[in-house]
$ cat model13.pdb   # PDB, C-alpha atoms
ATOM      1  CA  MET A   2       2.675  35.413  18.309
ATOM      2  CA  ARG A   3      -0.562  33.439  18.329
ATOM      3  CA  TRP A   4      -3.501  35.137  19.982
ATOM      4  CA  ALA A   5      -6.840  33.363  20.210
ATOM      5  CA  GLY A   6      -6.141  31.454  17.007
ATOM      6  CA  LEU A   7      -5.068  34.576  15.122
ATOM      7  CA  SER A   8      -1.691  35.371  13.610
ATOM      8  CA  ALA A   9       0.159  38.587  14.470
ATOM      9  CA  ALA A  10      -1.008  40.013  11.123
ATOM     10  CA  ASP A  11      -4.620  39.094  11.976
ATOM     11  CA  VAL A  12      -4.296  40.845  15.339
ATOM     12  CA  ARG A  13      -3.107  44.023  13.595
ATOM     13  CA  THR A  14      -6.061  43.699  11.223
ATOM     14  CA  VAL A  15      -8.491  43.335  14.146
ATOM     15  CA  GLU A  16      -7.044  46.421  15.819
ATOM     16  CA  ALA A  17      -7.348  48.574  12.679
ATOM     17  CA  LEU A  18     -10.687  47.101  11.641
ATOM     18  CA  PHE A  19     -12.191  47.645  15.094
ATOM     19  CA  ASP A  20     -11.263  51.335  15.130
ATOM     20  CA  GLN A  21     -12.689  51.658  11.610
ATOM     21  CA  GLN A  22     -15.845  49.834  12.747
ATOM     22  CA  MET A  23     -16.265  52.136  15.744
ATOM     23  CA  TRP A  24     -16.044  55.121  13.372
ATOM     24  CA  CYS A  25     -18.716  53.562  11.164
ATOM     25  CA  TRP A  26     -21.075  52.972  14.105
ATOM     26  CA  GLY A  27     -20.670  56.598  15.167
ATOM     27  CA  CYS A  28     -21.665  57.681  11.656
ATOM     28  CA  ASP A  29     -24.588  55.237  11.728
ATOM     29  CA  VAL A  30     -25.840  56.809  14.978
ATOM     30  CA  ARG A  31     -25.538  60.380  13.638
ATOM     31  CA  ARG A  32     -27.133  59.554  10.273
ATOM     32  CA  GLY A  33     -29.604  62.299   9.359
ATOM     33  CA  GLU A  34     -32.259  59.871   8.141
ATOM     34  CA  GLY A  35     -32.276  57.955  11.433
ATOM     35  CA  ASN A  36     -30.081  56.022  13.821
ATOM     36  CA  LEU A  37     -29.156  52.684  12.231
ATOM     37  CA  LEU A  38     -28.211  51.041  15.538
ATOM     38  CA  LEU A  39     -31.800  51.581  16.692
ATOM     39  CA  GLU A  40     -33.134  50.357  13.367
ATOM     40  CA  TYR A  41     -31.035  47.194  13.720
ATOM     41  CA  GLY A  42     -32.733  46.460  17.038
ATOM     42  CA  GLY A  43     -30.498  48.174  19.558
ATOM     43  CA  LYS A  44     -31.893  49.655  22.727
ATOM     44  CA  ARG A  45     -30.519  53.126  23.437
ATOM     45  CA  LEU A  46     -29.076  53.472  26.932
ATOM     46  CA  PRO A  47     -29.292  57.154  27.852
ATOM     47  CA  PRO A  48     -26.255  58.413  29.763
ATOM     48  CA  ALA A  49     -26.344  59.104  33.478
ATOM     49  CA  GLU A  50     -25.058  62.650  32.840
ATOM     50  CA  PRO A  51     -25.683  64.953  29.856
ATOM     51  CA  ARG A  52     -21.948  65.283  29.107
ATOM     52  CA  LEU A  53     -21.672  61.516  28.480
ATOM     53  CA  ARG A  54     -22.714  59.567  25.372
ATOM     54  CA  SER A  55     -25.404  56.926  24.982
ATOM     55  CA  GLY A  56     -24.722  53.230  24.814
ATOM     56  CA  TYR A  57     -26.640  50.650  22.770
ATOM     57  CA  ARG A  58     -27.596  47.149  23.907
ATOM     58  CA  PHE A  59     -28.461  44.257  21.607
ATOM     59  CA  ALA A  60     -29.879  40.836  22.410
ATOM     60  CA  VAL A  61     -27.648  38.734  20.150
ATOM     61  CA  ASP A  62     -29.698  35.655  20.964
ATOM     62  CA  PRO A  63     -31.397  34.526  24.178
ATOM     63  CA  ALA A  64     -28.049  33.730  25.816
ATOM     64  CA  TYR A  65     -25.837  36.637  24.686
ATOM     65  CA  ALA A  66     -26.021  40.398  25.187
ATOM     66  CA  LEU A  67     -23.837  42.928  23.382
ATOM     67  CA  THR A  68     -23.350  46.573  24.389
ATOM     68  CA  LEU A  69     -21.710  49.302  22.305
ATOM     69  CA  TRP A  70     -20.284  52.599  23.481
ATOM     70  CA  GLY A  71     -18.113  55.055  21.580
ATOM     71  CA  TRP A  72     -15.157  53.721  23.569
ATOM     72  CA  GLY A  73     -15.698  49.978  23.161
ATOM     73  CA  LEU A  74     -17.787  46.842  22.790
ATOM     74  CA  TRP A  75     -18.963  44.477  25.541
ATOM     75  CA  VAL A  76     -20.347  40.977  24.989
ATOM     76  CA  ALA A  77     -21.499  38.621  27.739
ATOM     77  CA  ALA A  78     -23.272  35.307  28.225
ATOM     78  CA  GLU A  79     -24.146  33.217  31.265
ATOM     79  CA  GLY A  80     -21.551  30.495  31.663
ATOM     80  CA  LEU A  81     -19.042  32.292  29.414
ATOM     81  CA  GLY A  82     -18.375  35.522  31.283
ATOM     82  CA  SER A  83     -17.900  38.977  29.796
ATOM     83  CA  LEU A  84     -15.499  40.332  27.188
ATOM     84  CA  PHE A  85     -14.621  43.958  26.470
ATOM     85  CA  MET A  86     -12.901  45.265  23.339
ATOM     86  CA  ARG A  87     -11.295  48.624  24.078
ATOM     87  CA  ARG A  88     -11.091  51.123  21.225
ATOM     88  CA  ALA A  89      -8.286  53.393  22.465
ATOM     89  CA  ARG A  90      -5.028  51.528  23.056
ATOM     90  CA  PHE A  91      -6.771  48.472  21.612
ATOM     91  CA  GLU A  92      -6.977  45.606  24.023
ATOM     92  CA  ILE A  93      -9.351  42.779  24.842
ATOM     93  CA  VAL A  94     -10.225  42.134  28.471
ATOM     94  CA  TRP A  95     -12.265  39.290  29.923
ATOM     95  CA  CYS A  96     -13.791  38.326  33.241
ATOM     96  CA  ALA A  97     -15.299  34.987  34.211
ATOM     97  CA  SER A  98     -18.543  36.460  35.550
ATOM     98  CA  ALA A  99     -21.284  37.381  33.101
ATOM     99  CA  HIS A 100     -22.551  40.954  33.265
ATOM    100  CA  LEU A 101     -25.294  41.023  30.631
ATOM    101  CA  ALA A 102     -26.288  44.624  31.283
ATOM    102  CA  PRO A 103     -23.281  46.603  32.522
ATOM    103  CA  ARG A 104     -24.145  50.068  33.769
ATOM    104  CA  ALA A 105     -21.153  51.918  32.432
ATOM    105  CA  TRP A 106     -20.727  55.358  30.906
ATOM    106  CA  CYS A 107     -16.945  55.374  30.762
ATOM    107  CA  GLU A 108     -14.302  52.682  30.790
ATOM    108  CA  ARG A 109     -13.434  53.067  34.462
ATOM    109  CA  ASP A 110     -17.001  51.957  35.279
ATOM    110  CA  LEU A 111     -15.942  48.487  34.088
ATOM    111  CA  ALA A 112     -13.604  47.953  37.047
ATOM    112  CA  GLY A 113     -12.479  44.480  38.053
ATOM    113  CA  LEU A 114     -11.748  43.064  34.618
ATOM    114  CA  LEU A 115      -8.926  40.601  34.142
ATOM    115  CA  VAL A 116      -6.623  41.776  31.361
ATOM    116  CA  ILE A 117      -5.559  38.938  29.085
ATOM    117  CA  SER A 118      -3.435  38.976  25.969
ATOM    118  CA  LYS A 119      -3.746  35.460  24.581
ATOM    119  CA  LEU A 120      -7.373  34.631  25.421
ATOM    120  CA  PRO A 121      -6.408  31.250  26.865
ATOM    121  CA  ASP A 122      -9.901  30.377  27.977
ATOM    122  CA  LYS A 123     -12.293  28.846  25.433
ATOM    123  CA  ARG A 124     -15.131  30.843  27.021
ATOM    124  CA  ALA A 125     -13.378  34.109  26.148
ATOM    125  CA  ARG A 126     -12.780  32.863  22.611
ATOM    126  CA  ARG A 127     -16.463  31.949  22.216
ATOM    127  CA  LEU A 128     -17.434  35.461  23.277
ATOM    128  CA  LEU A 129     -14.950  36.955  20.827
ATOM    129  CA  HIS A 130     -16.344  34.741  18.047
ATOM    130  CA  THR A 131     -19.849  35.947  18.925
ATOM    131  CA  ALA A 132     -18.746  39.595  18.777
ATOM    132  CA  PHE A 133     -17.007  39.187  15.412
ATOM    133  CA  THR A 134     -19.984  37.297  13.961
ATOM    134  CA  TRP A 135     -22.426  39.930  15.214
ATOM    135  CA  ILE A 136     -20.345  42.691  13.612
ATOM    136  CA  ALA A 137     -20.246  40.722  10.333
ATOM    137  CA  ASP A 138     -24.034  40.262  10.450
ATOM    138  CA  TYR A 139     -24.525  43.979  11.100
ATOM    139  CA  GLU A 140     -22.288  44.948   8.178
ATOM    140  CA  SER A 141     -24.094  42.437   5.931
ATOM    141  CA  TRP A 142     -27.368  44.081   6.940
ATOM    142  CA  ILE A 143     -25.925  47.509   6.069
ATOM    143  CA  ALA A 144     -24.838  46.199   2.639
ATOM    144  CA  ASP A 145     -28.239  44.580   2.010
ATOM    145  CA  ARG A 146     -30.073  47.733   3.048
ATOM    146  CA  PHE A 147     -27.934  50.306   1.210
ATOM    147  CA  GLY A 148     -25.559  48.470  -1.104
ATOM    148  CA  CYS A 149     -21.891  49.375  -0.726
ATOM    149  CA  SER A 150     -22.399  53.083  -1.409
ATOM    150  CA  TYR A 151     -23.468  54.115   2.108
ATOM    151  CA  ARG A 152     -20.548  52.405   3.837
ATOM    152  CA  ALA A 153     -18.130  53.611   1.141
ATOM    153  CA  LEU A 154     -19.163  57.212   1.875
ATOM    154  CA  THR A 155     -18.750  56.559   5.599
ATOM    155  CA  LEU A 156     -15.249  55.198   5.054
ATOM    156  CA  ALA A 157     -14.308  58.095   2.787
ATOM    157  CA  ALA A 158     -14.753  60.388   5.804
ATOM    158  CA  TYR A 159     -12.792  58.111   8.184
ATOM    159  CA  PRO A 160      -9.998  60.310   9.569
ATOM    160  CA  GLN A 161      -7.478  57.450   9.846
ATOM    161  CA  ARG A 162      -7.901  56.211   6.270
ATOM    162  CA  GLY A 163      -4.603  57.690   5.093
ATOM    163  CA  ARG A 164      -2.567  56.246   7.969
ATOM    164  CA  CYS A 165      -4.225  52.842   8.214
ATOM    165  CA  LYS A 166      -2.572  50.017   6.279
ATOM    166  CA  ASN A 167      -5.386  47.562   7.037
ATOM    167  CA  LEU A 168      -8.316  49.726   5.935
ATOM    168  CA  LEU A 169     -10.839  47.619   4.070
ATOM    169  CA  THR A 170     -13.220  48.670   1.346
ATOM    170  CA  ALA A 171     -16.942  48.672   2.070
ATOM    171  CA  ASP A 172     -17.528  45.412   0.195
ATOM    172  CA  ARG A 173     -14.927  43.556   2.338
ATOM    173  CA  ILE A 174     -15.856  44.579   5.888
ATOM    174  CA  ALA A 175     -18.479  41.916   6.634
ATOM    175  CA  LEU A 176     -16.376  39.181   5.048
ATOM    176  CA  ALA A 177     -13.283  40.212   7.025
ATOM    177  CA  TRP A 178     -15.158  40.058  10.348
ATOM    178  CA  ARG A 179     -16.691  36.709   9.377
ATOM    179  CA  GLU A 180     -13.280  35.249   8.441
ATOM    180  CA  LEU A 181     -11.736  36.460  11.704
ATOM    181  CA  GLY A 182     -14.676  34.999  13.632
ATOM    182  CA  GLU A 183     -14.224  31.669  11.878
ATOM    183  CA  LYS A 184     -10.553  31.566  12.869
ATOM    184  CA  ILE A 185     -11.589  32.144  16.482
ATOM    185  CA  ARG A 186     -14.301  29.454  16.229
ATOM    186  CA  LEU A 187     -11.789  26.959  14.866
ATOM    187  CA  SER A 188      -9.355  27.769  17.674
ATOM    188  CA  VAL A 189     -12.096  26.931  20.212
ATOM    189  CA  PHE A 190     -12.845  23.667  18.385
ATOM    190  CA  ASN A 191      -9.134  22.775  18.247
ATOM    191  CA  GLN A 192      -8.766  23.563  21.952
ATOM    192  CA  LEU A 193     -11.667  21.220  22.775
ATOM    193  CA  GLU A 194     -10.008  18.377  20.851
ATOM    194  CA  LYS A 195      -6.819  18.582  22.952
TER     195      LYS A 195
END

$ encode --input "model13.pdb" --output "structure tokens"
Amino acid sequence: MRWAGLSAADVRTVEALFDQQMWCWGCDVRRGEGNLLLEYGGKRLPPAEPRLRSGYRFAVDPAYALTLWGWGLWVAAEGLGSLFMRRARFEIVWCASAHLAPRAWCERDLAGLLVISKLPDKRARRLLHTAFTWIADYESWIADRFGCSYRALTLAAYPQRGRCKNLLTADRIALAWRELGEKIRLSVFNQLEK
């Protein structure tokens, strides 16, 4: 099956890598020496209720906004719509309208999304490329700031490491996201040529 320019093996890699990435971000938030998502430029979004967790919003560039929660990632841009990557039961959902600052504290707050499995729209693919590239840039920043040792320690504590066939080593995470993003970018370019 082809999905947004990715092979079935790539899709399995994205699913495993995204769960691994979500684990890493959680560790980065709880880091004793300071929250790395804030240090990277994220704005903490305090939850509406104490029992809920914070979100983090990033201005990817003037046109794009990216929001992280413990349960997923949201990226949006005017003219491209909004895209959500769900952590549990991995899935990517997209809607044509752009919601740059969703007020959500749980997944059901993101009602009205169109579920898609093949990302047929080039706008959705551009958003996915942006998300993958942003993740790659973040992981490159982590490697530049700490070397591979910090992320290696994070991954050593990852509870799924024994069951996950697609677990990457710390020195490969940024490159893997960048390669996946490039495949998505090329699928958008190829779609425009048709």

$ resolve_selection --input "model13.pdb" --expression "the PyMOL selection byres ((chain A and resi 91) around 10)" --output "list in words"
Arg13, Val15, Glu16, Ala17, Phe19, Asp20, Gly73, Met86, Arg87, Arg88, Ala89, Arg90, Glu92, Ile93 and Val94 of chain A

$ residues_near_point --input "model13.pdb" --point "(-29.2, 42.0, 22.0)" --cutoff "10 Å" --atoms "only C-alpha atoms" --output "ChimeraX atom specification"
/A:41-44,57-68,76,101,135

$ residues_around --input "model13.pdb" --residues "region 109-112 of chain A" --least-positions-apart "2" --cutoff "12 Å" --atoms "all atoms listed in the file" --output "PyMOL selection string"
chain A and resi 49+72-75+83-87+94-96+100+102-107+114-116

$ resolve_selection --input "model13.pdb" --expression "the PyMOL selection byres ((chain A and resi 177) around 12)" --output "VMD selection string"
chain A and resid 11 14 to 15 17 to 19 22 133 to 134 136 to 138 140 to 141 167 to 176 178 to 184

$ atom_distance --input "model13.pdb" --atom1 "CA of Val189 (chain A)" --atom2 "CA of Lys123 (chain A)"
5.6 Å

$ residues_near_point --input "model13.pdb" --point "(-20.8, 48.9, 13.9)" --cutoff "8 Å" --atoms "all atoms listed in the file" --output "count of residues only"
11

$ closest_residue --input "model13.pdb" --among "A:Cys149, A:Leu81, A:Val30, A:Ala99" --to "Gly56 (chain A)" --atoms "only C-alpha atoms"
A:Val30

$ atom_distance --input "model13.pdb" --atom1 "CA of Glu108 (chain A)" --atom2 "CA of Asn36 (chain A)"
23.4 Å

$ atom_distance --input "model13.pdb" --atom1 "CA of Ser98 (chain A)" --atom2 "CA of Gly82 (chain A)"
4.4 Å

$ closest_residue --input "model13.pdb" --among "A:Gly71, A:Ser8, A:Arg152, A:Leu187" --to "Arg54 (chain A)" --atoms "only C-alpha atoms"
A:Gly71
